[in-house]
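Asks: Just passing along the structure, written as structure tokens.
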Amino acid sequence: MKKIILALLLTWCGVQISTQQYRQFSPSIYDSRLCYINQDLTAAFRSSTYQFILPLYKSVGARSNLNFVLSPNSVWIIVAAIAEGADPVTQQKLFQLLSVPKDPCVRQVYYQLATTRALPSNDVNIKNTRVWLFDDGTTINPTWHDLVVSNSLLEVVRAPIRHNPIATANEIKRIMSASLPRLNLSGNSVILDTMDYNGLWSTAFADAVIERAPFYNLQRETIGAVDIMRVQRRARMTYSEKLQAKIIELPVGADGRYRILFGTIIGNIDLASVVGKVTGDLVLEIIGSLQPSLVPIDVAIPRMVISSEIDMRVVLEDLAVKELWTDPAVTRYISNPPALPSSFVQRTTLVLNNTGLEYAYPEPQSAYSTRTGLDPILGREFIADRPFLFGLFDAETWACLMSAIYTKPTYTFVKK
Ligand SMILES: *[C@@H]1O[C@H](CO)[C@@H](O)[C@H](O)[C@H]1NC(C)=O
Ligand SMILES: *[C@@H]1O[C@H](CO)[C@@H](O)[C@H](O)[C@H]1NC(C)=O
């Protein structure tokens with residue numbers, strides 16, 4: 001035992017010495033080996049992320065003309081990585097924005113939960129890449145680096161940002177696996193975030209009946225067309241009075257490890273008001289009120305690829321994160337010269353295809369004559385042929401991995 005304590009003390013001193021130049025950087029330095037938390041923090045983690053996600057969602061909604069896909073969980077992780085190294089004043093502010101507690105050991109548990117949600121499997125192709133790209137000429141604080149890497153918050157990568165724009169552009173394209181986003185490269189670093197999803201439904205949509213069908217606006221005027229996938233299956237559903245929306249849950253993967261919730265508006269309310277009314281508590285209430293239907297429901301959803309590239313710097317500025325991008329003092333404990341990130345861009349791509357693991361077996365005709373057991377307002381169908389909202393959740397923690405609004409049909413009709 002004595003030996004262990006001695007070893008711990010020695011490594012601790014080693015850490016202190018190696019960070020002499022960052023002597024004032026102390027608020028979040030801790031030795032994770034001394035943490036011991038024997039408590040289920042899933043619910044606390046979830047409510048912490050939801051507090052952060054909803055304002056983010058509203059800002060993106062307003063800036064995107066209500067057609068986007070966003071990866072909120074990933075932004076939460078990256079902002080946490082920034083906070084862990086920020087100057088004490090900014091750090092307090094960011095921890096508050098993230099709703100994380102002061103106790104570094106608790107935060108570590110949150111990080112463990114947050115960073116283990118998007119793990120690819122045979123049936124669900126999901127990938128989240130979080131990179132902080134620093135200029136070659138910066139020296140990174142090893143304590144902060146160890147903390148973000150050991151907690152898998154992000155990868156630290158180098159590029160000649162200051163002196164070789166072409167090599168930097170190529171590196172950015174490689175990391176984003178996309179064409180070069182519009183970036184401000186005036187600082188010493190940029191933050192790059194990508195999230196891709198293409199999963200197999202637990203129950204497949206019928207592949208024989210994908211048809212081109214009209215897509216309407218909320219006033220029921222045709223605004224274009226989509227390839228609609230159909231299936232008849234039992235599912236959990238609920239009605240949200242506040243959002244005047246019908247909600248259905250469709251599981252993804254063999255064990256239903258992920259869930260996609262779709263919502264269509266059936267009341268007389270516009271989409272912007274719906275976005276304005278969503279809160280973290282409301283989302284939790286909706287999740288808690290999902291009820292299985294006793295009989296199959298007719299489900300129809302457009303087959304689609306939706307992709308967004310979001311300027312997260314601007315979105316975070318909406319949430320009052322302003323100094324980070326302009327004041328070198330904020331990131332002076334992260335690197336020397338200060339990291340001073342000038343861009344933070346997120347690309348999210350989500351594919352909804354008809355493929356699934358299990359065939360939807362036809363139910364006997366008699367099943368359709370029975371009651372659904374659900375709120376009658378839900379009827380016995382869920383048809384997403386007009387603007388709808390949806391979100392990809394991890395079934396274990398209900399962390400929100402992707403959140404989207406679909407209002408722009410793939411095909412436009414040429415007027416005669
Ligand atoms: C790039 O960022 C810097 C500071 O972060 C800012 O002063 C400058 O105006 C930005 N440039 C553009 C083109 O937005
Ligand atoms: C959708 O699934 C079909 C097979 O049903 C496949 O051929 C196609 O490439 C898939 N599309 C995407 C975007 O994954």
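Within each chain, counting starts at residue 1; across the structure tokens, chains are named A, B, ... in the order shown, with ligands numbered 1 upward in that order.
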What are the closest atom pairs, with distances in Å to one decimal, for all residues of chain A lying within 6 Å of ligand 2? Consider only C-alpha atoms and all ligand atoms, order rows by chain and residue number, and present the result as a tab-separated table.
Replies:
```
residue	atom	partner	partner_atom_place_in_ligand_line	distance
A:Val351	CA	ligand 2	13 (C)	5.8
A:Asn353	CA	ligand 2	1 (C)	4.9
A:Thr355	CA	ligand 2	5 (O)	5.5
```
Asks: At most 12 Å is the cut-off: for each residue in chain A with any atom that close to an atom of ligand 1, write down the nearest atom pair and the distance in Å rounded to one decimal, counting only C-alpha atoms and all ligand atoms, chain first then increasing number, as a tab-separated table.
Replies:
```
residue	atom	partner	partner_atom_place_in_ligand_line	distance
A:Arg182	CA	ligand 1	13 (C)	9.8
A:Leu183	CA	ligand 1	1 (C)	8.5
A:Asn184	CA	ligand 1	1 (C)	4.9
A:Leu185	CA	ligand 1	1 (C)	6.8
A:Ser186	CA	ligand 1	1 (C)	5.4
A:Gly187	CA	ligand 1	5 (O)	6.2
A:Asn188	CA	ligand 1	5 (O)	9.7
A:Ser189	CA	ligand 1	5 (O)	10.2
A:Val190	CA	ligand 1	5 (O)	10.3
A:Asp311	CA	ligand 1	14 (O)	11.3
A:Arg313	CA	ligand 1	5 (O)	9.4
A:Val314	CA	ligand 1	14 (O)	10.1
A:Glu317	CA	ligand 1	5 (O)	11.4
A:Lys322	CA	ligand 1	5 (O)	9.4
A:Glu323	CA	ligand 1	5 (O)	8.9
A:Leu324	CA	ligand 1	5 (O)	8.2
A:Trp325	CA	ligand 1	5 (O)	4.5
A:Thr326	CA	ligand 1	5 (O)	4.6
A:Asp327	CA	ligand 1	5 (O)	8.1
A:Pro328	CA	ligand 1	5 (O)	9.4
A:Ala339	CA	ligand 1	5 (O)	11.0
A:Leu340	CA	ligand 1	5 (O)	7.4
A:Pro341	CA	ligand 1	5 (O)	7.0
A:Ser342	CA	ligand 1	5 (O)	4.5
A:Ser343	CA	ligand 1	2 (O)	7.5
A:Phe344	CA	ligand 1	5 (O)	10.7
```
Asks: Give me, as number ranges by chain, all polymer residues having an atom no more than 12 Å from Ala254 in chain A, counting only C-alpha atoms and skipping those fewer than 6 positions away in the same chain.
Replies: A: 121-124, 199-204, 356-358
Asks: Convert the current residue selection to file output with N, CA and C atoms, as an mmCIF file, in the first residue's frame.
Replies:
```
data_model
loop_
_atom_site.group_PDB
_atom_site.id
_atom_site.type_symbol
_atom_site.label_atom_id
_atom_site.label_comp_id
_atom_site.auth_asym_id
_atom_site.auth_seq_id
_atom_site.Cartn_x
_atom_site.Cartn_y
_atom_site.Cartn_z
ATOM 1 N N SER A 121 -21.068 -0.819 -34.781
ATOM 2 C CA SER A 121 -21.224 -2.276 -34.694
ATOM 3 C C SER A 121 -21.581 -2.765 -36.091
ATOM 4 N N ASN A 122 -21.783 -4.074 -36.225
ATOM 5 C CA ASN A 122 -22.097 -4.629 -37.540
ATOM 6 C C ASN A 122 -23.354 -4.028 -38.146
ATOM 7 N N ASP A 123 -24.325 -3.769 -37.294
ATOM 8 C CA ASP A 123 -25.606 -3.319 -37.829
ATOM 9 C C ASP A 123 -25.787 -1.805 -37.773
ATOM 10 N N VAL A 124 -24.948 -1.123 -37.042
ATOM 11 C CA VAL A 124 -25.075 0.339 -36.983
ATOM 12 C C VAL A 124 -23.727 0.983 -37.271
ATOM 13 N N GLY A 199 -27.648 3.281 -40.151
ATOM 14 C CA GLY A 199 -27.901 2.067 -39.362
ATOM 15 C C GLY A 199 -28.991 1.203 -39.951
ATOM 16 N N LEU A 200 -29.007 -0.045 -39.508
ATOM 17 C CA LEU A 200 -30.084 -0.951 -39.904
ATOM 18 C C LEU A 200 -31.190 -0.859 -38.864
ATOM 19 N N TRP A 201 -32.421 -0.693 -39.336
ATOM 20 C CA TRP A 201 -33.565 -0.707 -38.419
ATOM 21 C C TRP A 201 -33.672 -2.080 -37.783
ATOM 22 N N SER A 202 -34.215 -2.128 -36.586
ATOM 23 C CA SER A 202 -34.484 -3.440 -35.997
ATOM 24 C C SER A 202 -35.492 -4.176 -36.885
ATOM 25 N N THR A 203 -36.493 -3.464 -37.373
ATOM 26 C CA THR A 203 -37.450 -4.020 -38.333
ATOM 27 C C THR A 203 -37.365 -3.227 -39.631
ATOM 28 N N ALA A 204 -37.124 -3.931 -40.736
ATOM 29 C CA ALA A 204 -36.922 -3.261 -42.022
ATOM 30 C C ALA A 204 -38.210 -2.621 -42.527
ATOM 31 N N GLY A 356 -33.127 -3.213 -42.844
ATOM 32 C CA GLY A 356 -33.258 -3.545 -41.429
ATOM 33 C C GLY A 356 -32.833 -4.976 -41.188
ATOM 34 N N LEU A 357 -32.874 -5.378 -39.930
ATOM 35 C CA LEU A 357 -32.427 -6.714 -39.564
ATOM 36 C C LEU A 357 -33.522 -7.742 -39.741
ATOM 37 N N GLU A 358 -34.730 -7.324 -39.430
ATOM 38 C CA GLU A 358 -35.817 -8.283 -39.437
ATOM 39 C C GLU A 358 -36.901 -7.837 -40.402
#
```
Asks: For a test of reading the model, state the distance in Å between CA of Gln51 in chain A and CA of Arg63 in chain A, rounded to one decimal.
Replies: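 CA of Arg63 in chain A lies at a distance of 19.7 Å from CA of Gln51 in chain A.
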Asks: Distance CA of Arg332 in chain A-CA of Leu97 in chain A, one decimal place?
Replies: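 Between these atoms lies a distance of 20.6 Å.
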Asks: List every residue of range 185-248 of chain A that DSSP, applied to the backbone, labels as strand (DSSP E), and write the result as a PyMOL selection string.
Replies: chain A and resi 189-199+201-203+206-216+222-233+236-240+245-248
Asks: For Ala395 in chain A, which residue among A:Val79, A:Val252, A:Ile223, A:Ala167 is the nearest when counting only C-alpha atoms?
Replies: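 Ranked by minimum distance to Ala395 in chain A, first place goes to A:Val252.
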